[in-house]
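*Asks:* Supplied in structure tokens, the structure appears directly below.
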Amino acid sequence: MRHQVVVIGGGVGGLAAAIALACAGLEVTLLERAATPGGKLREVAVAGRRLDAGPTVFTMRWVFESIFADADAVLSDHLTLRPASILARHAWSADERLDLFADLERSADAIGEFAGADEARGFRAFSAEAQRIYATLEKPFIRGARPSMASLVRDAGALALWGIRPFDTLWKALSQHFADPRLRQLFGRYSTYCGSSPFLAPATLMLVAHVERDGVWLVDGGMHRIAQALAGLAAARGVTLRYGAEAAEVLLERGRVAGVRLADGERIAAGAVVANADAGAVAAGLLGAAVRGATPAVAARDRSLSAVTWATVARSEGFPLSRHNVFFSGDYAAEFRELGAGRLPREPTVYVCAQDRWAKDWGNDDAPLSGTERLLCLVNAPPTGDLQPPTRMEIEQCADRSFRLLARCGLTLKHEATETTTPEGFHRLFPGTGGALYGPAVHGATATFKRPGARTRVPGLYLAGGSTHPGAGVPMAALSGRLAAASLLADLDKTAWTSTGRSRAAATPGGTSMR
Ligand SMILES: Cc1cc2nc3c(=O)[nH]c(=O)nc-3n(C[C@H](O)[C@H](O)[C@H](O)COP(=O)(O)OP(=O)(O)OC[C@H]3O[C@@H](n4cnc5c(N)ncnc54)[C@H](O)[C@@H]3O)c2cc1C
């Protein structure tokens with residue numbers, strides 16, 4: 001008999017955990033309530049064309065290289081990735097445009113031209129600081145299993161910890177590097193990659209800028225291909241993938257995990273469960289009352305941001321779209337004040353992913369497309385999808401204001417068809433979240449340390465996904481899945497599981513390498 005594990009959820013964290021556990025010789029069943037793998041890494045069909053309706057910026061390729069390598073596979077056999085030379089195109093009006101490049105000197109030159117030599121110097125200093133913070137945190141925090149302030153001091157040293165600036169806000173740090181408010185806005189936006197406000201997030205989050213500069217990749221066939229490739233690898237390594245299968249309850253016997261009951265009543269015996277559903281769903285009792293205390297609940301005020309997205313097929317005119325484009329509101333502080341108060345901002349900053357536009361080095365960036373193109377437009381929204389969701393009229397007003405902002409920046413869109421997703425829609429897709437897309441917000445110096453780790457208070461129940469350590473985002477959620485698998489395997493020998501299973505690779509407690 002082999003050790004049986006159920007993974008609840010086929011998001012990137014659940015898939016990464018399932019692959020690692022199957023490679024270690026465990027019998028893994030993955031239950032996914034949706035019809036396809038990927039969770040937030042989802043695709044929708046609009047006017048008969050498929051487009052990415054979740055994440056669009058793919059970074060930290062090395063995480064996926066290790067997932068595939070540890071499963072005796074090669075990432076490039078399954079996914080074609082191409083480096084983006086333009087990281088993003090930013091606009092504040094029809095005459096104020098700035099591109100950021102993967103190449104630091106090109107970005108510095110562009111910033112110098114846009115805002116002057118002092119700002120270019122500020123950018124170089126900012127980039128160096130962001131790189132240093134990332135280097136300090138990569139091993140002990142990003143790859144480490146649930147670090148604390150104390151373990152960080154032990155592993156990185158007190159001085160290094162001070163250097164990551166947990167006690168300054170990102171906005172304050174940016175004000176020291178940039179006099180131009182537009183550049184503060186541009187780099188402050190990186191805190192929204194984990195659903196947080198630059199006015200409340202620690203300066204530590206400037207490391208996100210470094211992660212992007214280290215490589216943004218375009219995925220042939222779209223981001224959803226990542227989920228398909230992971231699911232394919234999981235199946236090839238023996239994971240039983242079941243779609244349209246909703247877990248209703250984690251079953252306990254004598255206080256430890258004994259299996260899972262599905263919504264249709266079926267029971268699956270298992271010695272351990274990895275929940276890739278949001279940690280908030282576990283705490284809300286959506287996987288059964290018996291495990292609701294397994295992880296602390298997140299208060300609604302501590303949730304990360306939600307979004308309103310418009311996945312649209314449209315004809316675009318005017319503005320030369322790149323793949324990633326950001327159109328900034330006139331008053332960033334007001335925008336986050338309104339979001340903090342639970343309202344859609346009067347003038348939201350709008351992100352537009354032009355999915356038919358390629359990187360410049362492919363030769364056709366900036367080229368006007370004939371006909372319609374696939375766009376994902378996104379604005380930040382309050383995570384109130386369960387409590388006080390924006391009304392239909394508020395969503396329409398938000399769309400109106402967002403597309404007017406684009407028009408002011410020179411971009412007009414004639415929509416052929418659009419699919420809108422609201423905080424309420426995200427809450428329905430990802431129960432227990434209120435539509436919050438990135439777990440708890442990273443606000444204040446200690447927020448990241450309060451994120452749950454892989455182990456829970458219930459023996460045999462583990463957490464994986466963007467709501468847990470090390471945090472949200474496709475690569476981080478994947479890392480959390482690997483941490484969950486490592487914790488489970490490390491605990492295996494100590495538990496009451498009786499079977500021997502076939503030989504498995506040694507687990508590295510606290511690390512992400514399992515071979
Ligand atoms: C609009 C949007 C834009 C984003 N942009 C980016 C970006 O550009 N770059 C980036 O890196 N990240 C981005 N993110 C964040 C990133 O997508 C997530 O952090 C990551 O994909 C989360 O993965 P996860 O492992 O937490 O699983 P999730 O994606 O949260 O999936 C969890 C899965 O569990 C399933 N599930 C839940 N409950 C049950 C149950 N009871 N039974 C069975 N199945 C269940 C759900 O159906 C879901 O499929 C974005 C997210 C969104 C929504």
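Letters A, B, ... go to the chains of the structure tokens in the order shown; residues in each chain start at 1; ligands are counted from 1 in the same order.
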Per residue of chain A within 6 Å of ligand 1, note the shortest atom pair and the distance in Å to one decimal, counting only C-alpha atoms and all ligand atoms, and order the rows by chain and increasing residue number, as CSV.

*Replies:*
```
residue,atom,partner,partner_atom_place_in_ligand_line,distance
A:Ile8,CA,ligand 1,43 (C),5.0
A:Gly9,CA,ligand 1,34 (O),3.3
A:Gly10,CA,ligand 1,49 (O),4.9
A:Gly11,CA,ligand 1,31 (O),3.4
A:Val12,CA,ligand 1,25 (O),4.1
A:Gly13,CA,ligand 1,25 (O),3.4
A:Gly14,CA,ligand 1,25 (O),5.6
A:Leu31,CA,ligand 1,43 (C),5.0
A:Glu32,CA,ligand 1,44 (N),3.8
A:Arg33,CA,ligand 1,43 (C),4.1
A:Ala34,CA,ligand 1,47 (O),5.1
A:Gly38,CA,ligand 1,49 (O),5.6
A:Gly39,CA,ligand 1,49 (O),3.1
A:Lys40,CA,ligand 1,29 (O),3.7
A:Leu41,CA,ligand 1,21 (O),5.1
A:Gly54,CA,ligand 1,2 (C),3.8
A:Pro55,CA,ligand 1,5 (N),3.2
A:Thr56,CA,ligand 1,8 (O),4.0
A:Val57,CA,ligand 1,8 (O),3.7
A:Phe58,CA,ligand 1,9 (N),5.6
A:Ala245,CA,ligand 1,43 (C),5.8
A:Glu246,CA,ligand 1,42 (N),3.6
A:Ala247,CA,ligand 1,42 (N),3.9
A:Ala248,CA,ligand 1,41 (N),5.6
A:Asn276,CA,ligand 1,34 (O),5.3
A:Ala277,CA,ligand 1,37 (C),3.9
A:Phe430,CA,ligand 1,46 (C),5.7
A:Leu437,CA,ligand 1,53 (C),5.4
A:Tyr438,CA,ligand 1,19 (O),5.5
A:Gly465,CA,ligand 1,26 (O),3.3
A:Gly466,CA,ligand 1,26 (O),3.7
A:Ala472,CA,ligand 1,19 (O),3.9
A:Gly473,CA,ligand 1,12 (N),3.4
A:Val474,CA,ligand 1,11 (O),3.8
A:Pro475,CA,ligand 1,11 (O),6.0
A:Ala477,CA,ligand 1,25 (O),4.7
```

*Asks:* Contacts of range 249-260 of chain A at 6 Å or less, counting only C-alpha atoms, minus same-chain residues fewer than 6 places along, as number ranges by chain?

*Replies:* A: 267-272, 287-288, 459-460

*Asks:* Mind dumping the selected residues with N, CA, C and O atoms as a compact mmCIF listing (two decimals), in the first residue's frame?

*Replies:*
```txt
# COMPACT_ATOMS: atom_id res chain seq x y z
N ARG A 267 -16.38 9.48 -0.61
CA ARG A 267 -15.30 9.64 0.37
C ARG A 267 -14.00 9.07 -0.19
O ARG A 267 -14.02 8.01 -0.80
N ILE A 268 -12.92 9.77 0.04
CA ILE A 268 -11.61 9.27 -0.37
C ILE A 268 -10.75 9.20 0.89
O ILE A 268 -10.60 10.20 1.61
N ALA A 269 -10.20 8.02 1.18
CA ALA A 269 -9.33 7.87 2.35
C ALA A 269 -7.97 8.48 2.03
O ALA A 269 -7.47 8.35 0.92
N ALA A 270 -7.40 9.17 3.00
CA ALA A 270 -6.07 9.76 2.79
C ALA A 270 -5.42 10.02 4.14
O ALA A 270 -6.11 10.43 5.09
N GLY A 271 -4.15 9.78 4.22
CA GLY A 271 -3.42 10.06 5.46
C GLY A 271 -3.06 11.52 5.60
O GLY A 271 -2.70 11.99 6.68
N ALA A 272 -3.11 12.24 4.48
CA ALA A 272 -2.80 13.68 4.54
C ALA A 272 -3.54 14.40 3.43
O ALA A 272 -3.87 13.81 2.40
N LEU A 287 -14.15 23.77 4.39
CA LEU A 287 -13.69 22.38 4.26
C LEU A 287 -14.07 21.59 5.51
O LEU A 287 -13.40 20.61 5.87
N GLY A 288 -15.13 22.03 6.16
CA GLY A 288 -15.65 21.31 7.32
C GLY A 288 -15.34 22.03 8.62
O GLY A 288 -14.27 22.64 8.76
N PRO A 459 -3.00 17.78 12.55
CA PRO A 459 -2.01 16.86 11.99
C PRO A 459 -2.50 16.26 10.67
O PRO A 459 -3.63 15.79 10.58
N GLY A 460 -1.63 16.31 9.67
CA GLY A 460 -1.99 15.74 8.37
C GLY A 460 -2.61 16.73 7.41
O GLY A 460 -2.82 16.39 6.25
```

*Asks:* Using DSSP on the backbone, list every residue of range 448-485 of chain A that comes out as alpha helix (DSSP H), and give them as a VMD selection string.

*Replies:* chain A and resid 448 to 450 474 to 485

*Asks:* May I have the residues from that selection written out with C-alpha atoms, as a PDB file, in the first residue's frame?

*Replies:*
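Written file, selection32.pdb:
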```pdb
ATOM      1  CA  THR A 448       4.513  38.542   5.928  1.00  0.00           C
ATOM      2  CA  PHE A 449       5.407  36.668   9.114  1.00  0.00           C
ATOM      3  CA  LYS A 450       1.732  36.256  10.017  1.00  0.00           C
ATOM      4  CA  VAL A 474       2.397  32.379  -9.769  1.00  0.00           C
ATOM      5  CA  PRO A 475       5.988  31.461  -8.813  1.00  0.00           C
ATOM      6  CA  MET A 476       5.476  32.142  -5.113  1.00  0.00           C
ATOM      7  CA  ALA A 477       2.333  29.987  -5.013  1.00  0.00           C
ATOM      8  CA  ALA A 478       4.310  27.250  -6.772  1.00  0.00           C
ATOM      9  CA  LEU A 479       7.035  27.553  -4.132  1.00  0.00           C
ATOM     10  CA  SER A 480       4.419  27.249  -1.403  1.00  0.00           C
ATOM     11  CA  GLY A 481       3.240  23.989  -2.994  1.00  0.00           C
ATOM     12  CA  ARG A 482       6.764  22.648  -2.888  1.00  0.00           C
ATOM     13  CA  LEU A 483       7.103  23.740   0.737  1.00  0.00           C
ATOM     14  CA  ALA A 484       3.847  21.947   1.597  1.00  0.00           C
ATOM     15  CA  ALA A 485       5.134  18.777  -0.053  1.00  0.00           C
TER      16      ALA A 485
END
```

*Asks:* Ranking A:Pro147, A:Gly221, A:Pro320, A:Pro198 by minimum distance to Glu43 in chain A and counting only C-alpha atoms, which one comes first?

*Replies:* A:Gly221

*Asks:* Using only C-alpha atoms, which residue out of A:Asp302, A:Glu396, A:Glu347, A:Asp220 lies closest to Gly434 in chain A?

*Replies:*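 Of the candidates, the smallest distance to Gly434 in chain A is held by A:Asp302.
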
*Asks:* Could you please write out, as a PyMOL selection string, every residue of range 2-166 of chain A that DSSP assigns to strand (DSSP E or B)?

*Replies:* chain A and resi 4-8+11+27-32+38+43-46+49-52+58+81-83+86-93+96-101

*Asks:* Determine the nearest neighbour of Phe178 in chain A from the options A:Asp70, A:Glu419, A:Glu119, A:Asp103, counting only C-alpha atoms.

*Replies:*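 Smallest separation from Phe178 in chain A among the options: A:Glu119.
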
*Asks:* Let me make sure I understand: among A:Asp77, A:Arg154, A:Asp331, A:Leu183, which one has the smallest atom-to-atom distance to Ala110 in chain A if we use only C-alpha atoms?

*Replies:*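 Of A:Asp77, A:Arg154, A:Asp331, A:Leu183, the one nearest Ala110 in chain A is A:Leu183, counting only C-alpha atoms.
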
*Asks:* I want to know what sits within 9 Å of Ser402 in chain A, based on only C-alpha atoms, with residues of the same chain fewer than 4 positions away left out; could you give that as a list in words?

*Replies:* Glu347, Pro348, Thr349, Val350, Val379, Gln397, Cys398, Leu406 and Ala407 of chain A

*Asks:* Generate the output file for the selected residues, N, CA, C and O atoms, as an mmCIF file, in the first residue's frame.

*Replies:*
```
data_model
loop_
_atom_site.group_PDB
_atom_site.id
_atom_site.type_symbol
_atom_site.label_atom_id
_atom_site.label_comp_id
_atom_site.auth_asym_id
_atom_site.auth_seq_id
_atom_site.Cartn_x
_atom_site.Cartn_y
_atom_site.Cartn_z
ATOM 1 N N GLU A 347 -11.126 57.419 -9.887
ATOM 2 C CA GLU A 347 -10.305 57.304 -11.099
ATOM 3 C C GLU A 347 -9.275 56.202 -10.872
ATOM 4 O O GLU A 347 -8.261 56.408 -10.218
ATOM 5 N N PRO A 348 -9.542 55.010 -11.392
ATOM 6 C CA PRO A 348 -8.607 53.905 -11.143
ATOM 7 C C PRO A 348 -7.436 53.894 -12.130
ATOM 8 O O PRO A 348 -7.577 54.332 -13.262
ATOM 9 N N THR A 349 -6.308 53.393 -11.659
ATOM 10 C CA THR A 349 -5.188 53.079 -12.551
ATOM 11 C C THR A 349 -5.565 51.809 -13.308
ATOM 12 O O THR A 349 -6.110 50.874 -12.719
ATOM 13 N N VAL A 350 -5.298 51.799 -14.615
ATOM 14 C CA VAL A 350 -5.756 50.675 -15.439
ATOM 15 C C VAL A 350 -4.557 49.948 -16.053
ATOM 16 O O VAL A 350 -3.689 50.579 -16.667
ATOM 17 N N VAL A 379 -8.469 46.754 -13.106
ATOM 18 C CA VAL A 379 -8.292 47.810 -12.102
ATOM 19 C C VAL A 379 -8.382 47.160 -10.722
ATOM 20 O O VAL A 379 -9.043 46.138 -10.545
ATOM 21 N N GLN A 397 -20.003 52.251 -13.907
ATOM 22 C CA GLN A 397 -19.346 53.565 -13.791
ATOM 23 C C GLN A 397 -17.826 53.392 -13.806
ATOM 24 O O GLN A 397 -17.096 54.193 -14.390
ATOM 25 N N CYS A 398 -17.386 52.324 -13.153
ATOM 26 C CA CYS A 398 -15.948 52.058 -13.083
ATOM 27 C C CYS A 398 -15.397 51.788 -14.481
ATOM 28 O O CYS A 398 -14.333 52.293 -14.854
ATOM 29 N N LEU A 406 -8.161 55.713 -20.400
ATOM 30 C CA LEU A 406 -7.389 55.208 -21.541
ATOM 31 C C LEU A 406 -7.497 56.196 -22.714
ATOM 32 O O LEU A 406 -6.496 56.505 -23.368
ATOM 33 N N ALA A 407 -8.705 56.689 -22.934
ATOM 34 C CA ALA A 407 -8.910 57.612 -24.060
ATOM 35 C C ALA A 407 -8.099 58.893 -23.850
ATOM 36 O O ALA A 407 -7.499 59.424 -24.793
#
```

*Asks:* For range 337-346 of chain A, please output as a list of chain:residue names all residues within 7 Å (counting only C-alpha atoms; exclusion window: fewer than 5 positions along the same chain).

*Replies:*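 The contact residues come out as A:Ala381, A:Pro382, A:Thr384.
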